[in-house]
Amino acid sequence: QPQPQPQPQPQPQPQQQTPQQTPQQGFPFPPQQTQSPTNGLLTAQQALALQANCTFGEFVVLLEKPPAGRSPVGLQVVPVQGMQLRVARLTEGLLMEWNRAHPQYEVKVSDFITEVNMTRSNSTEMLNHIRIDRTLVMHIQRQQGKRA
């Protein structure tokens with residue numbers, strides 16, 4: 001006579017520990033919530049987490065292209081030694097909306113884009129991400145000597 005199979009016991013799920021995020025010096029988000037025109041409301045904690053993951057002296061811009069239609073990013077760039085992109089011109093689009101909603105992290109002409117969607121040190125690939133990807137996480141570095 002066949003014996004009944006023992007039922008597997010559910011394994012307890014380990015609790016996710018969130019590391020304590022600290023802002024990069026010089027780029028703290030204010031404690032209030034910040035409205036992003038392209039991806040809804042970012043809490044201060046979410047916005048701070050974005051900034052905490054970037055290299056010292058950089059800040060992060062998050063853009064979300066809409067699913068339907070074409071919405072321009074509003075950015076013209078020049079490759080710099082195949083490693084970075086320099087902002088040559090800003091036009092009306094998602095980046096201008098970001099600048100209005102996040103004046104403390106405003107992207108300006110002559111700023112450098114040092115990373116796009118985890119791609120760094122390859123201006124061709126970074127430009128492809130900007131053209132193709134729907135979500136853009138861009139690391140920006142202010143040109144030396146320019147006031148933030």
# chains A, B, ... in the order shown; residues from 1 in each chain; ligands from 1

$ residues_around --residues "Leu85 in chain A" --least-positions-apart "3" --cutoff "7 Å" --atoms "only C-alpha atoms" --output "CSV table (one decimal) with C-alpha atoms, in the first residue's frame"
chain,number,residue,atom,x,y,z
A,77,VAL,CA,25.0,66.2,-26.6
A,78,VAL,CA,28.6,66.0,-27.9
A,79,PRO,CA,30.8,62.9,-27.2
A,80,VAL,CA,33.9,63.7,-25.2
A,112,PHE,CA,28.8,66.0,-18.4
A,113,ILE,CA,26.7,62.8,-18.6
A,114,THR,CA,29.0,60.2,-17.1
A,123,SER,CA,29.7,57.6,-25.1

$ residues_around --residues "range 127-135 of chain A" --least-positions-apart "6" --cutoff "8 Å" --atoms "only C-alpha atoms" --output "ChimeraX atom specification"
/A:62-67,85,116-117

$ closest_residue --among "A:Ser71, A:Gln51, A:Phe56, A:His139" --to "Ser121 in chain A" --atoms "only C-alpha atoms"
A:His139

$ residues_around --residues "Arg142 in chain A" --least-positions-apart "4" --cutoff "10 Å" --atoms "only C-alpha atoms" --output "ChimeraX atom specification"
/A:57-59,86,106-113,146-148

$ write_last_selection --atoms "N, CA, C and O atoms" --output "PDB file, in the first residue's frame"
ATOM      1  N   GLY A  57      30.331  64.043  -6.362  1.00  0.00           N
ATOM      2  CA  GLY A  57      30.388  65.117  -7.348  1.00  0.00           C
ATOM      3  C   GLY A  57      29.388  64.952  -8.472  1.00  0.00           C
ATOM      4  O   GLY A  57      29.310  65.797  -9.358  1.00  0.00           O
ATOM      5  N   GLU A  58      28.627  63.869  -8.463  1.00  0.00           N
ATOM      6  CA  GLU A  58      27.608  63.638  -9.474  1.00  0.00           C
ATOM      7  C   GLU A  58      26.233  63.666  -8.821  1.00  0.00           C
ATOM      8  O   GLU A  58      26.111  63.524  -7.607  1.00  0.00           O
ATOM      9  N   PHE A  59      25.214  63.845  -9.657  1.00  0.00           N
ATOM     10  CA  PHE A  59      23.844  63.670  -9.198  1.00  0.00           C
ATOM     11  C   PHE A  59      23.100  62.868 -10.263  1.00  0.00           C
ATOM     12  O   PHE A  59      23.576  62.705 -11.380  1.00  0.00           O
ATOM     13  N   ARG A  86      28.839  65.521 -23.311  1.00  0.00           N
ATOM     14  CA  ARG A  86      28.716  66.891 -22.799  1.00  0.00           C
ATOM     15  C   ARG A  86      27.405  67.471 -23.305  1.00  0.00           C
ATOM     16  O   ARG A  86      27.082  67.356 -24.492  1.00  0.00           O
ATOM     17  N   GLU A 106      19.284  70.512 -11.391  1.00  0.00           N
ATOM     18  CA  GLU A 106      19.068  71.000 -12.749  1.00  0.00           C
ATOM     19  C   GLU A 106      20.240  70.630 -13.644  1.00  0.00           C
ATOM     20  O   GLU A 106      21.399  70.814 -13.289  1.00  0.00           O
ATOM     21  N   VAL A 107      19.939  70.103 -14.811  1.00  0.00           N
ATOM     22  CA  VAL A 107      20.958  69.810 -15.819  1.00  0.00           C
ATOM     23  C   VAL A 107      21.156  71.077 -16.636  1.00  0.00           C
ATOM     24  O   VAL A 107      20.187  71.692 -17.087  1.00  0.00           O
ATOM     25  N   LYS A 108      22.422  71.461 -16.830  1.00  0.00           N
ATOM     26  CA  LYS A 108      22.750  72.698 -17.527  1.00  0.00           C
ATOM     27  C   LYS A 108      23.665  72.409 -18.713  1.00  0.00           C
ATOM     28  O   LYS A 108      24.348  71.385 -18.753  1.00  0.00           O
ATOM     29  N   VAL A 109      23.670  73.338 -19.669  1.00  0.00           N
ATOM     30  CA  VAL A 109      24.606  73.255 -20.785  1.00  0.00           C
ATOM     31  C   VAL A 109      26.018  73.204 -20.217  1.00  0.00           C
ATOM     32  O   VAL A 109      26.330  73.901 -19.238  1.00  0.00           O
ATOM     33  N   SER A 110      26.859  72.376 -20.780  1.00  0.00           N
ATOM     34  CA  SER A 110      28.253  72.117 -20.393  1.00  0.00           C
ATOM     35  C   SER A 110      28.394  71.083 -19.284  1.00  0.00           C
ATOM     36  O   SER A 110      29.512  70.707 -18.960  1.00  0.00           O
ATOM     37  N   ASP A 111      27.285  70.601 -18.703  1.00  0.00           N
ATOM     38  CA  ASP A 111      27.376  69.488 -17.758  1.00  0.00           C
ATOM     39  C   ASP A 111      27.796  68.241 -18.533  1.00  0.00           C
ATOM     40  O   ASP A 111      27.623  68.146 -19.748  1.00  0.00           O
ATOM     41  N   PHE A 112      28.344  67.279 -17.796  1.00  0.00           N
ATOM     42  CA  PHE A 112      28.759  66.014 -18.395  1.00  0.00           C
ATOM     43  C   PHE A 112      27.824  64.902 -17.953  1.00  0.00           C
ATOM     44  O   PHE A 112      27.492  64.794 -16.780  1.00  0.00           O
ATOM     45  N   ILE A 113      27.410  64.069 -18.894  1.00  0.00           N
ATOM     46  CA  ILE A 113      26.679  62.845 -18.584  1.00  0.00           C
ATOM     47  C   ILE A 113      27.734  61.755 -18.499  1.00  0.00           C
ATOM     48  O   ILE A 113      28.418  61.457 -19.482  1.00  0.00           O
ATOM     49  N   LYS A 146      31.908  75.683 -12.738  1.00  0.00           N
ATOM     50  CA  LYS A 146      30.533  76.157 -12.870  1.00  0.00           C
ATOM     51  C   LYS A 146      29.858  76.047 -11.529  1.00  0.00           C
ATOM     52  O   LYS A 146      30.048  75.085 -10.790  1.00  0.00           O
ATOM     53  N   ARG A 147      29.038  76.997 -11.196  1.00  0.00           N
ATOM     54  CA  ARG A 147      28.292  76.953  -9.936  1.00  0.00           C
ATOM     55  C   ARG A 147      27.056  76.100 -10.127  1.00  0.00           C
ATOM     56  O   ARG A 147      26.385  76.193 -11.129  1.00  0.00           O
ATOM     57  N   ALA A 148      26.771  75.270  -9.145  1.00  0.00           N
ATOM     58  CA  ALA A 148      25.608  74.385  -9.215  1.00  0.00           C
ATOM     59  C   ALA A 148      24.324  75.170  -9.049  1.00  0.00           C
ATOM     60  O   ALA A 148      24.278  76.224  -8.523  1.00  0.00           O
TER      61      ALA A 148
END

$ closest_residue --among "A:Ala52, A:Val61, A:Met83, A:Leu95" --to "Met126 in chain A" --atoms "only C-alpha atoms"
A:Met83
